[in-house]
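Everything below belongs to run-v3.csv, which stores CSV, C-alpha atoms and all ligand atoms.
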```csv
chain,number,residue,atom,x,y,z
A,1,MET,CA,-59.1,23.5,-4.2
A,2,HIS,CA,-59.8,22.3,-7.7
A,3,TRP,CA,-58.0,19.0,-8.6
A,4,ARG,CA,-56.1,20.8,-11.4
A,5,THR,CA,-54.7,23.3,-8.9
A,6,ARG,CA,-53.9,20.4,-6.5
A,7,LEU,CA,-52.0,18.6,-9.3
A,8,ALA,CA,-50.0,21.8,-10.2
A,9,GLN,CA,-49.1,22.3,-6.5
A,10,PRO,CA,-48.0,18.8,-5.5
A,11,GLN,CA,-47.4,17.7,-1.9
A,12,SER,CA,-45.7,14.5,-0.8
A,13,LEU,CA,-48.3,12.0,0.1
A,14,ALA,CA,-46.2,8.8,0.2
A,15,PRO,CA,-45.1,7.5,3.6
A,16,GLY,CA,-41.6,8.5,4.6
A,17,GLY,CA,-38.8,6.3,6.0
A,18,PHE,CA,-38.1,4.3,2.8
A,19,LYS,CA,-34.6,2.9,2.9
A,20,SER,CA,-32.9,1.0,-0.1
A,21,LEU,CA,-29.5,0.4,-1.4
A,22,ALA,CA,-30.1,2.4,-4.6
A,23,VAL,CA,-29.5,6.1,-4.9
A,24,PRO,CA,-32.8,7.8,-5.8
A,25,THR,CA,-33.1,9.4,-9.2
A,26,TYR,CA,-33.9,13.0,-8.4
A,27,ARG,CA,-35.1,15.0,-11.3
A,28,GLY,CA,-35.5,18.7,-11.1
A,29,SER,CA,-34.7,22.0,-12.8
A,30,THR,CA,-36.3,24.4,-10.3
A,31,VAL,CA,-34.9,24.2,-6.8
A,32,LEU,CA,-37.2,25.6,-4.1
A,33,PHE,CA,-36.1,28.1,-1.5
A,34,ASP,CA,-38.0,28.9,1.7
A,35,LYS,CA,-37.7,32.7,1.2
A,36,GLN,CA,-36.4,35.2,-1.3
A,37,ALA,CA,-33.4,36.0,0.9
A,38,ASP,CA,-32.2,32.4,0.6
A,39,VAL,CA,-32.0,32.5,-3.2
A,40,ILE,CA,-28.5,31.8,-4.5
A,41,ASP,CA,-27.1,30.9,-7.9
A,42,HIS,CA,-23.8,29.0,-7.5
A,43,TRP,CA,-22.4,25.8,-8.9
A,44,ARG,CA,-20.6,24.9,-5.6
A,45,GLN,CA,-23.8,23.3,-4.3
A,46,ASP,CA,-22.0,21.0,-1.8
A,47,GLU,CA,-21.0,24.1,0.2
A,48,ALA,CA,-23.6,26.7,-0.8
A,49,GLY,CA,-26.6,24.4,-1.0
A,50,TYR,CA,-28.8,23.5,-3.9
A,51,SER,CA,-29.6,26.4,-6.2
A,52,TYR,CA,-30.5,25.1,-9.7
A,53,GLY,CA,-30.9,21.6,-11.3
A,54,LEU,CA,-28.3,22.5,-14.0
A,55,TYR,CA,-25.5,22.2,-11.4
A,56,GLY,CA,-26.7,18.8,-10.4
A,57,THR,CA,-29.5,17.2,-8.4
A,58,PRO,CA,-28.6,15.0,-5.4
A,59,THR,CA,-28.2,12.0,-7.9
A,60,ALA,CA,-25.6,13.8,-9.9
A,61,LEU,CA,-23.8,15.2,-6.9
A,62,GLU,CA,-23.6,11.7,-5.4
A,63,LEU,CA,-22.0,10.4,-8.6
A,64,ALA,CA,-19.7,13.3,-8.8
A,65,ALA,CA,-18.6,12.8,-5.2
A,66,ARG,CA,-18.0,9.0,-5.7
A,67,ILE,CA,-15.9,9.8,-8.8
A,68,GLY,CA,-14.0,12.5,-6.8
A,69,GLN,CA,-13.4,10.0,-4.0
A,70,LEU,CA,-12.0,7.3,-6.4
A,71,GLU,CA,-9.6,9.9,-8.0
A,72,GLY,CA,-8.8,11.7,-4.7
A,73,ALA,CA,-10.1,15.0,-6.1
A,74,LEU,CA,-11.1,18.1,-4.2
A,75,TYR,CA,-14.1,18.4,-6.5
A,76,THR,CA,-15.6,16.7,-9.6
A,77,PHE,CA,-17.8,18.2,-12.2
A,78,LEU,CA,-20.1,16.0,-14.3
A,79,VAL,CA,-20.6,16.9,-18.0
A,80,PRO,CA,-22.5,15.4,-20.9
A,81,GLY,CA,-19.6,13.2,-22.2
A,82,GLY,CA,-15.8,12.8,-22.4
A,83,GLN,CA,-15.5,15.2,-25.3
A,84,ALA,CA,-17.5,17.8,-23.3
A,85,ALA,CA,-15.0,17.3,-20.4
A,86,ILE,CA,-12.1,18.0,-22.8
A,87,ALA,CA,-13.8,21.2,-24.0
A,88,LEU,CA,-14.5,22.4,-20.5
A,89,VAL,CA,-10.8,22.1,-19.5
A,90,TYR,CA,-9.6,24.0,-22.6
A,91,LEU,CA,-12.1,26.7,-22.1
A,92,ALA,CA,-11.4,27.1,-18.4
A,93,MET,CA,-7.6,27.2,-18.8
A,94,CYS,CA,-7.1,29.0,-22.1
A,95,ASP,CA,-7.8,32.6,-23.3
A,96,ALA,CA,-7.5,34.1,-26.7
A,97,GLY,CA,-3.7,34.2,-27.4
A,98,SER,CA,-3.0,31.1,-25.2
A,99,HIS,CA,-0.8,28.2,-26.3
A,100,ALA,CA,-1.6,24.6,-25.4
A,101,LEU,CA,0.4,21.4,-26.0
A,102,VAL,CA,-1.3,18.1,-26.9
A,103,PRO,CA,0.4,14.7,-27.6
A,104,HIS,CA,0.2,13.5,-31.2
A,105,ASN,CA,-1.8,10.4,-30.1
A,106,VAL,CA,-4.5,12.3,-28.2
A,107,TYR,CA,-8.2,11.3,-28.6
A,108,GLY,CA,-9.0,12.3,-32.3
A,109,PRO,CA,-11.9,14.8,-31.5
A,110,ASN,CA,-9.6,16.6,-29.1
A,111,LYS,CA,-7.3,17.3,-32.0
A,112,GLU,CA,-10.3,18.2,-34.2
A,113,MET,CA,-11.5,20.8,-31.6
A,114,SER,CA,-7.9,22.3,-31.4
A,115,ALA,CA,-7.7,22.7,-35.2
A,116,GLY,CA,-11.3,23.9,-35.5
A,117,LEU,CA,-13.1,25.7,-32.7
A,118,PHE,CA,-10.0,26.7,-30.8
A,119,LYS,CA,-8.1,28.0,-33.8
A,120,ARG,CA,-11.1,30.3,-34.5
A,121,LEU,CA,-11.0,31.4,-30.9
A,122,GLY,CA,-7.3,32.3,-31.1
A,123,ILE,CA,-6.0,29.4,-28.9
A,124,ALA,CA,-2.9,27.9,-30.5
A,125,VAL,CA,-2.7,24.2,-29.9
A,126,GLU,CA,0.7,22.5,-30.8
A,127,GLY,CA,1.4,18.8,-31.0
A,128,TYR,CA,4.2,17.0,-29.1
A,129,ASP,CA,5.7,13.5,-29.2
A,130,PRO,CA,3.9,11.5,-26.5
A,131,MET,CA,7.2,9.9,-25.4
A,132,ILE,CA,8.9,13.3,-24.9
A,133,GLY,CA,8.9,13.1,-21.0
A,134,ALA,CA,11.0,15.9,-19.4
A,135,GLY,CA,11.8,17.2,-22.9
A,136,ILE,CA,8.4,18.9,-23.0
A,137,ALA,CA,10.2,21.8,-21.3
A,138,ALA,CA,11.7,22.9,-24.6
A,139,GLN,CA,8.1,23.3,-26.1
A,140,ILE,CA,6.7,25.4,-23.2
A,141,ARG,CA,6.3,29.0,-24.2
A,142,PRO,CA,5.6,32.1,-22.1
A,143,ASN,CA,2.0,31.9,-23.1
A,144,THR,CA,1.6,28.1,-22.6
A,145,ALA,CA,-1.5,27.7,-20.4
A,146,LEU,CA,-2.2,24.0,-20.6
A,147,ILE,CA,-0.4,20.7,-21.3
A,148,TRP,CA,-2.7,17.8,-22.2
A,149,THR,CA,-1.6,14.2,-21.4
A,150,GLU,CA,-3.4,11.0,-22.3
A,151,SER,CA,-1.8,7.8,-21.1
A,152,PRO,CA,-2.1,5.3,-22.7
A,153,GLY,CA,-2.7,7.5,-25.8
A,154,SER,CA,-5.6,6.8,-28.1
A,155,VAL,CA,-5.2,3.8,-30.5
A,156,THR,CA,-1.4,3.6,-30.5
A,157,MET,CA,-1.4,3.2,-26.7
A,158,GLU,CA,1.9,5.0,-25.8
A,159,ILE,CA,2.4,5.3,-22.0
A,160,GLN,CA,3.6,8.8,-21.1
A,161,ASP,CA,6.0,9.9,-18.4
A,162,VAL,CA,3.3,11.9,-16.8
A,163,PRO,CA,5.4,12.7,-13.6
A,164,ALA,CA,8.3,14.1,-15.7
A,165,ILE,CA,5.9,16.2,-17.8
A,166,CYS,CA,4.2,17.5,-14.7
A,167,ALA,CA,7.5,18.4,-13.1
A,168,ALA,CA,8.5,20.4,-16.2
A,169,ALA,CA,5.1,22.1,-16.3
A,170,ARG,CA,5.2,23.0,-12.6
A,171,ALA,CA,8.6,24.6,-13.0
A,172,ARG,CA,7.0,27.0,-15.5
A,173,GLY,CA,3.6,27.4,-13.7
A,174,VAL,CA,1.7,25.6,-16.4
A,175,ALA,CA,-1.3,23.4,-15.7
A,176,VAL,CA,-1.4,19.7,-16.7
A,177,ALA,CA,-4.6,17.9,-17.6
A,178,LEU,CA,-4.9,14.1,-18.1
A,179,ASP,CA,-7.4,12.1,-20.0
A,180,ASN,CA,-7.6,9.3,-17.5
A,181,THR,CA,-10.4,7.4,-19.2
A,182,TYR,CA,-8.3,4.2,-19.7
A,183,SER,CA,-7.6,3.8,-16.1
A,184,ALA,CA,-11.2,4.4,-15.1
A,185,GLY,CA,-9.8,6.8,-12.5
A,186,VAL,CA,-8.3,3.9,-10.5
A,187,LEU,CA,-5.5,2.1,-12.5
A,188,PHE,CA,-3.5,5.4,-12.5
A,189,ASP,CA,-3.5,7.8,-9.7
A,190,ALA,CA,-3.4,11.1,-11.6
A,191,PHE,CA,-3.0,13.5,-8.7
A,192,SER,CA,-0.2,11.7,-6.8
A,193,HIS,CA,1.7,11.8,-10.1
A,194,GLY,CA,1.4,15.6,-10.3
A,195,VAL,CA,-1.6,16.1,-12.6
A,196,ASP,CA,-3.8,19.2,-11.9
A,197,ILE,CA,-7.0,18.2,-13.7
A,198,SER,CA,-8.1,14.6,-14.5
A,199,ILE,CA,-10.9,14.0,-17.0
A,200,GLN,CA,-12.8,10.8,-17.8
A,201,ALA,CA,-15.3,9.7,-20.3
A,202,LEU,CA,-17.6,7.9,-17.8
A,203,THR,CA,-19.3,6.6,-21.0
A,204,LYS,CA,-16.7,3.8,-20.9
A,205,TYR,CA,-16.0,2.0,-17.6
A,206,ALA,CA,-18.3,3.7,-15.1
A,207,GLY,CA,-21.2,3.3,-17.5
A,208,GLY,CA,-19.9,-0.1,-18.5
A,209,HIS,CA,-22.8,-1.2,-20.7
A,210,SER,CA,-22.6,1.0,-23.9
A,211,ASP,CA,-25.8,2.8,-23.0
A,212,LEU,CA,-25.0,6.2,-21.7
A,213,LEU,CA,-22.8,9.2,-22.3
A,214,LEU,CA,-21.2,11.1,-19.4
A,215,GLY,CA,-17.9,12.8,-18.5
A,216,SER,CA,-16.1,14.0,-15.4
A,217,VAL,CA,-13.6,16.8,-14.7
A,218,SER,CA,-11.8,16.3,-11.4
A,219,VAL,CA,-9.8,19.0,-9.9
A,220,ARG,CA,-6.9,18.3,-7.5
A,221,ASP,CA,-7.0,21.4,-5.3
A,222,LYS,CA,-8.2,24.9,-5.0
A,223,LYS,CA,-5.8,26.3,-7.5
A,224,PHE,CA,-7.9,25.8,-10.6
A,225,LEU,CA,-11.3,25.0,-9.0
A,226,ASP,CA,-13.0,28.4,-9.5
A,227,ARG,CA,-11.7,28.7,-13.1
A,228,VAL,CA,-13.2,25.4,-14.0
A,229,GLY,CA,-16.4,25.9,-11.9
A,230,ASP,CA,-17.2,29.3,-13.3
A,231,THR,CA,-16.6,28.1,-16.9
A,232,TYR,CA,-18.7,25.0,-16.2
A,233,LYS,CA,-21.6,27.2,-15.0
A,234,GLN,CA,-21.4,29.6,-17.9
A,235,LEU,CA,-21.4,26.8,-20.5
A,236,GLY,CA,-24.5,25.2,-18.9
A,237,MET,CA,-23.1,21.7,-19.1
A,238,GLY,CA,-25.9,19.9,-17.2
A,239,VAL,CA,-26.3,16.2,-17.1
A,240,SER,CA,-29.3,13.9,-16.9
A,241,PRO,CA,-30.0,12.4,-13.4
A,242,ASP,CA,-31.2,9.2,-15.3
A,243,ASP,CA,-27.8,8.8,-16.9
A,244,CYS,CA,-26.1,9.5,-13.5
A,245,SER,CA,-28.3,6.8,-11.9
A,246,LEU,CA,-27.1,4.3,-14.5
A,247,ALA,CA,-23.5,5.3,-13.9
A,248,LEU,CA,-24.0,4.9,-10.1
A,249,ARG,CA,-25.2,1.4,-10.8
A,250,GLY,CA,-22.2,0.8,-13.1
A,251,LEU,CA,-19.7,1.9,-10.4
A,252,GLN,CA,-21.0,-0.8,-8.1
A,253,THR,CA,-19.6,-3.5,-10.4
A,254,LEU,CA,-16.6,-1.6,-11.7
A,255,GLY,CA,-14.2,-3.6,-9.5
A,256,VAL,CA,-15.2,-7.0,-10.8
A,257,ARG,CA,-15.6,-5.9,-14.4
A,258,LEU,CA,-12.2,-4.3,-14.5
A,259,ALA,CA,-10.5,-7.4,-13.0
A,260,ARG,CA,-12.2,-9.7,-15.5
A,261,LEU,CA,-11.6,-7.4,-18.5
A,262,GLU,CA,-7.9,-7.2,-17.6
A,263,GLU,CA,-7.5,-10.9,-17.4
A,264,SER,CA,-9.5,-11.7,-20.7
A,265,THR,CA,-7.8,-8.8,-22.5
A,266,LEU,CA,-4.3,-10.1,-21.6
A,267,THR,CA,-5.2,-13.6,-22.7
A,268,VAL,CA,-6.4,-12.4,-26.1
A,269,ALA,CA,-3.5,-9.9,-26.5
A,270,ARG,CA,-0.8,-12.6,-25.7
A,271,TRP,CA,-2.4,-15.0,-28.1
A,272,ILE,CA,-2.6,-12.6,-31.0
A,273,ALA,CA,0.9,-11.4,-30.4
A,274,ALA,CA,2.1,-14.9,-31.3
A,275,GLN,CA,0.2,-15.1,-34.6
A,276,PRO,CA,1.9,-14.8,-38.0
A,277,GLY,CA,1.1,-11.6,-39.8
A,278,ILE,CA,0.9,-9.5,-36.6
A,279,ALA,CA,3.8,-7.1,-36.6
A,280,ALA,CA,3.2,-5.6,-33.1
A,281,VAL,CA,0.6,-5.6,-30.3
A,282,PHE,CA,0.2,-2.3,-28.4
A,283,HIS,CA,-1.0,-3.4,-25.0
A,284,PRO,CA,0.5,-1.5,-22.0
A,285,ALA,CA,1.3,-4.7,-20.1
A,286,LEU,CA,3.3,-6.2,-23.1
A,287,PRO,CA,6.9,-5.1,-23.7
A,288,SER,CA,6.1,-4.3,-27.3
A,289,CYS,CA,4.0,-1.3,-26.1
A,290,PRO,CA,5.9,2.0,-26.2
A,291,GLY,CA,6.3,3.1,-22.5
A,292,HIS,CA,5.7,-0.4,-21.1
A,293,ASP,CA,8.3,0.3,-18.4
A,294,LEU,CA,6.5,3.5,-17.4
A,295,TRP,CA,3.3,1.5,-17.2
A,296,LYS,CA,5.0,-1.0,-14.8
A,297,ARG,CA,6.3,1.9,-12.7
A,298,ASP,CA,3.1,4.0,-12.5
A,299,PHE,CA,0.0,1.8,-13.1
A,300,GLN,CA,-2.0,-0.6,-10.9
A,301,GLY,CA,-3.2,-2.7,-13.8
A,302,SER,CA,-4.4,-2.7,-17.4
A,303,ALA,CA,-7.8,-2.4,-19.0
A,304,SER,CA,-9.8,-3.7,-22.0
A,305,VAL,CA,-8.4,-1.8,-25.1
A,306,PHE,CA,-5.3,-2.5,-27.2
A,307,SER,CA,-4.3,-2.4,-30.8
A,308,ILE,CA,-2.7,-4.8,-33.3
A,309,LEU,CA,-0.6,-3.8,-36.2
A,310,PHE,CA,-0.7,-6.1,-39.2
A,311,ASP,CA,2.7,-6.5,-41.0
A,312,GLY,CA,3.5,-4.8,-44.3
A,313,ARG,CA,2.4,-7.7,-46.5
A,314,PHE,CA,-1.3,-6.9,-45.8
A,315,THR,CA,-3.1,-4.1,-47.6
A,316,ALA,CA,-5.6,-1.8,-46.0
A,317,ARG,CA,-8.3,-3.6,-47.9
A,318,GLN,CA,-7.3,-6.9,-46.4
A,319,VAL,CA,-7.2,-5.5,-42.9
A,320,GLU,CA,-10.7,-4.2,-43.4
A,321,ALA,CA,-11.8,-7.6,-44.6
A,322,PHE,CA,-10.4,-9.1,-41.4
A,323,VAL,CA,-12.5,-6.8,-39.3
A,324,ASP,CA,-15.6,-7.4,-41.5
A,325,GLY,CA,-15.0,-11.1,-41.1
A,326,LEU,CA,-15.2,-11.1,-37.3
A,327,GLU,CA,-18.5,-12.3,-35.8
A,328,LEU,CA,-18.3,-11.9,-32.1
A,329,PHE,CA,-16.4,-8.6,-32.3
A,330,LYS,CA,-18.8,-5.9,-33.4
A,331,ILE,CA,-17.6,-2.9,-35.4
A,332,GLY,CA,-18.1,0.3,-33.6
A,333,MET,CA,-16.7,3.3,-31.7
A,334,SER,CA,-16.2,3.7,-27.9
A,335,TRP,CA,-15.2,0.9,-25.6
A,336,GLY,CA,-15.5,-0.3,-22.0
A,337,GLY,CA,-18.8,-2.2,-22.4
A,338,VAL,CA,-19.6,-5.9,-22.1
A,339,THR,CA,-19.4,-6.6,-25.9
A,340,SER,CA,-16.1,-6.9,-27.8
A,341,LEU,CA,-15.4,-4.4,-30.5
A,342,ALA,CA,-13.0,-4.0,-33.4
A,343,ILE,CA,-12.3,-1.0,-35.6
A,344,VAL,CA,-9.7,0.1,-38.2
A,345,TYR,CA,-8.2,3.5,-38.2
A,346,PRO,CA,-7.5,4.2,-41.9
A,347,ASN,CA,-6.4,7.8,-41.5
A,348,LEU,CA,-4.3,7.5,-38.3
A,349,ASP,CA,-1.9,10.5,-38.2
A,350,ARG,CA,1.2,9.6,-36.2
A,351,PRO,CA,4.3,11.6,-37.3
A,352,GLY,CA,7.1,9.3,-38.4
A,353,LYS,CA,4.9,6.2,-38.3
A,354,ASP,CA,3.2,4.6,-41.3
A,355,TYR,CA,0.3,2.7,-39.6
A,356,ALA,CA,-2.4,3.9,-42.0
A,357,GLY,CA,-4.9,1.1,-42.6
A,358,ARG,CA,-2.8,-1.6,-40.8
A,359,LEU,CA,-3.8,-0.9,-37.2
A,360,VAL,CA,-6.9,-2.4,-35.6
A,361,ARG,CA,-8.1,-1.4,-32.1
A,362,LEU,CA,-9.8,-4.1,-30.1
A,363,ASN,CA,-12.0,-3.7,-27.1
A,364,ILE,CA,-12.4,-6.9,-25.2
A,365,GLY,CA,-15.8,-7.5,-23.5
A,366,LEU,CA,-17.1,-10.0,-21.0
A,367,GLU,CA,-17.4,-12.9,-23.5
A,368,GLU,CA,-15.2,-16.0,-22.8
A,369,PRO,CA,-11.7,-15.3,-24.1
A,370,ASP,CA,-11.6,-18.7,-25.9
A,371,ASP,CA,-14.6,-17.8,-28.0
A,372,LEU,CA,-13.0,-14.5,-28.9
A,373,ILE,CA,-9.7,-16.2,-29.8
A,374,ALA,CA,-11.6,-18.6,-32.0
A,375,ASP,CA,-13.3,-15.7,-33.7
A,376,LEU,CA,-10.0,-13.9,-34.3
A,377,ALA,CA,-8.4,-17.2,-35.5
A,378,ARG,CA,-11.1,-17.8,-38.1
A,379,ALA,CA,-10.8,-14.2,-39.5
A,380,LEU,CA,-6.9,-14.5,-39.5
A,381,ALA,CA,-7.1,-17.8,-41.3
A,382,ARG,CA,-9.4,-16.4,-43.9
A,383,LEU,CA,-6.9,-13.5,-44.5
A,384,GLN,CA,-3.9,-15.8,-44.8
A,385,GLY,CA,-5.7,-18.3,-46.9
B,1,LIG,C1,-9.7,8.6,-24.5
B,1,LIG,C2,-11.0,9.1,-24.7
B,1,LIG,N1,-11.3,10.3,-24.2
B,1,LIG,C3,-12.6,10.9,-24.4
B,1,LIG,C4,-13.5,10.3,-25.2
B,1,LIG,C5,-14.8,10.9,-25.4
B,1,LIG,O1,-15.8,10.4,-24.7
B,1,LIG,P1,-17.4,10.6,-25.1
B,1,LIG,O2,-17.6,9.6,-26.2
B,1,LIG,O3,-18.1,10.3,-23.8
B,1,LIG,O4,-17.5,12.0,-25.5
B,1,LIG,C6,-13.3,9.0,-25.7
B,1,LIG,C7,-14.3,8.3,-26.5
B,1,LIG,O5,-14.0,7.4,-27.3
B,1,LIG,C8,-12.0,8.4,-25.5
B,1,LIG,O6,-11.6,7.2,-26.1
```
Give the structure from this file in structure tokens form.
Ligand SMILES: Cc1ncc(COP(=O)(O)O)c(C=O)c1O
Amino acid sequence: MHWRTRLAQPQSLAPGGFKSLAVPTYRGSTVLFDKQADVIDHWRQDEAGYSYGLYGTPTALELAARIGQLEGALYTFLVPGGQAAIALVYLAMCDAGSHALVPHNVYGPNKEMSAGLFKRLGIAVEGYDPMIGAGIAAQIRPNTALIWTESPGSVTMEIQDVPAICAAARARGVAVALDNTYSAGVLFDAFSHGVDISIQALTKYAGGHSDLLLGSVSVRDKKFLDRVGDTYKQLGMGVSPDDCSLALRGLQTLGVRLARLEESTLTVARWIAAQPGIAAVFHPALPSCPGHDLWKRDFQGSASVFSILFDGRFTARQVEAFVDGLELFKIGMSWGGVTSLAIVYPNLDRPGKDYAGRLVRLNIGLEEPDDLIADLARALARLQG
């Protein structure tokens, strides 16, 4: 055979029997079948066998299985990011004419999608008070298809009474989805608290190094599995095996990173809570956080993000200057990596609360907490002086 033909018809020439601790990165769009009669096209590759790279190569399926195991899920789908996970859940659970409920403090782009794309598609998304608990029952309508929860909520960090919301939803046959990113799928056991579908932005703690984007959608039992799976297949939400390989490596150190981040974050949060000019610190493990008692009841620990509220004597401009004046804390979105971050939310929309421009979210990284405190102290002193 010509060498060009040989190169286009590769055979495995390397010796077999290689064993290592790393999961190999399998790339592949085409999956080969032995004969035409074996050809299938199904997303459920763990049962049906491999059919197409879009539904995951062995690298992606290994990551999905490990996330599923951590969360106690029947099945986990991997998608290109946390926002894609949110979109998949809506599109799986809602039809034109459906009604969905989302807490006021839900991740911003979730709200944007509700007010934009889903409005155009005829899905009505209504906000609710994140602290509503069992009172959610009054907002459930005959056409309610989905209730979102996110606990703690984005930026303002309210802890929700997820079991009470799930009980009210179950009584009316409504599915509950949780954005479980904060807990990395381990600090809060979504399924034992009644949630049907748990999503994560693996971008944060599983990735852990601010260098990849991935999301997961974990389904508790068979009830909604096919709805999610069929929608996932139709949307073509494939993921890169290279990103999955990074996330698999990230998972190996998740335990030590989470423990260290919890400790450092608490040290910084407790310090800043005692500083003049700080009206409140929203950290789930501090009593000043709305829903702190629910956190004590339901969570196994806390993670690396929290927010500080400057008191009314500071203008939005001054708070911005505080963030600009930080040196170790970088300014940027996302969280869960090794580098500390700070960001102001100038247009935060929280009904009944005037936080605009005075709230700063911090993500604590793996730097020494004393250095981070010194950085914050310098920026605060500049502000007061
Ligand atoms: C709570 C939460 N959910 C979802 C997302 C979206 O994740 P991704 O950036 O991977 O799309 C984020 C990102 O910041 C988030 O904070």
Around ligand LIG 1 (chain B), which protein and nucleic acid residues have at least one atom no more than 8 Å from it, if we count all atoms listed in the file? List them as a PyMOL selection string.
chain A and resi 80-86+106-107+109-110+150+153-154+179-182+200-204+213-215+333-335
Give the answer as one residue: which of A:Leu366, A:Val217, A:Leu309, A:Met237 has the shortest atom-to-atom distance to Glu262 in chain A, using only C-alpha atoms?
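Between A:Leu366, A:Val217, A:Leu309, A:Met237, the residue approaching Glu262 in chain A most closely is A:Leu366.
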Long-range neighbours of Ile373 in chain A as a list in words, 7 Å cut-off, all atoms listed in the file, 4 positions minimum in chain:
Val268, Pro369 and Ala377 of chain A
Atom pair CA of Gln234 in chain A / CA of Lys222 in chain A: separation (Å)
19.0 Å
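Using all atoms listed in the file, the shortest contact distance between Ala379 in chain A and any of A:Phe191, A:Phe322, A:Phe310, A:Tyr128 is found at A:Phe322.
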Atom pair CA of Val39 in chain A / CA of Phe77 in chain A: separation (Å):
22.1 Å
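Proximity of A:Val155, A:Leu121, A:Leu254, A:Leu21 to Ile343 in chain A, computed with all atoms listed in the file, is greatest for A:Val155.
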Best match for closeness to Ser98 in chain A among A:Glu112, A:Glu126, A:Glu367, A:Glu71, counting all atoms listed in the file
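Looking only at the distances to Ser98 in chain A, the closest residue turns out to be A:Glu126.
Here CA of Ala321 in chain A and CA of Leu348 in chain A stand 18.0 Å from one another.
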So, with all atoms listed in the file as the atoms that count, which of A:Glu320, A:Asp95, A:Glu263, A:Asp129 lies closest to Pro346 in chain A?
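So, comparing all the options, the nearest one is A:Glu320.
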Neighbour list for Ala356 in chain A as a short mmCIF file (atom, residue, chain, number, x, y, z; two decimals) with C-alpha atoms, in the coordinates of the input, cut-off 9 Å, only C-alpha atoms, skip fewer than 6 positions in-chain:
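Printed below is around.cif as written:
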```cif
data_model
loop_
_atom_site.label_atom_id
_atom_site.label_comp_id
_atom_site.auth_asym_id
_atom_site.auth_seq_id
_atom_site.Cartn_x
_atom_site.Cartn_y
_atom_site.Cartn_z
CA ALA A 316 -5.60 -1.80 -46.00
CA TYR A 345 -8.20 3.50 -38.20
CA PRO A 346 -7.50 4.20 -41.90
CA ASN A 347 -6.40 7.80 -41.50
CA LEU A 348 -4.30 7.50 -38.30
CA ASP A 349 -1.90 10.50 -38.20
CA ARG A 350 1.20 9.60 -36.20
#
```
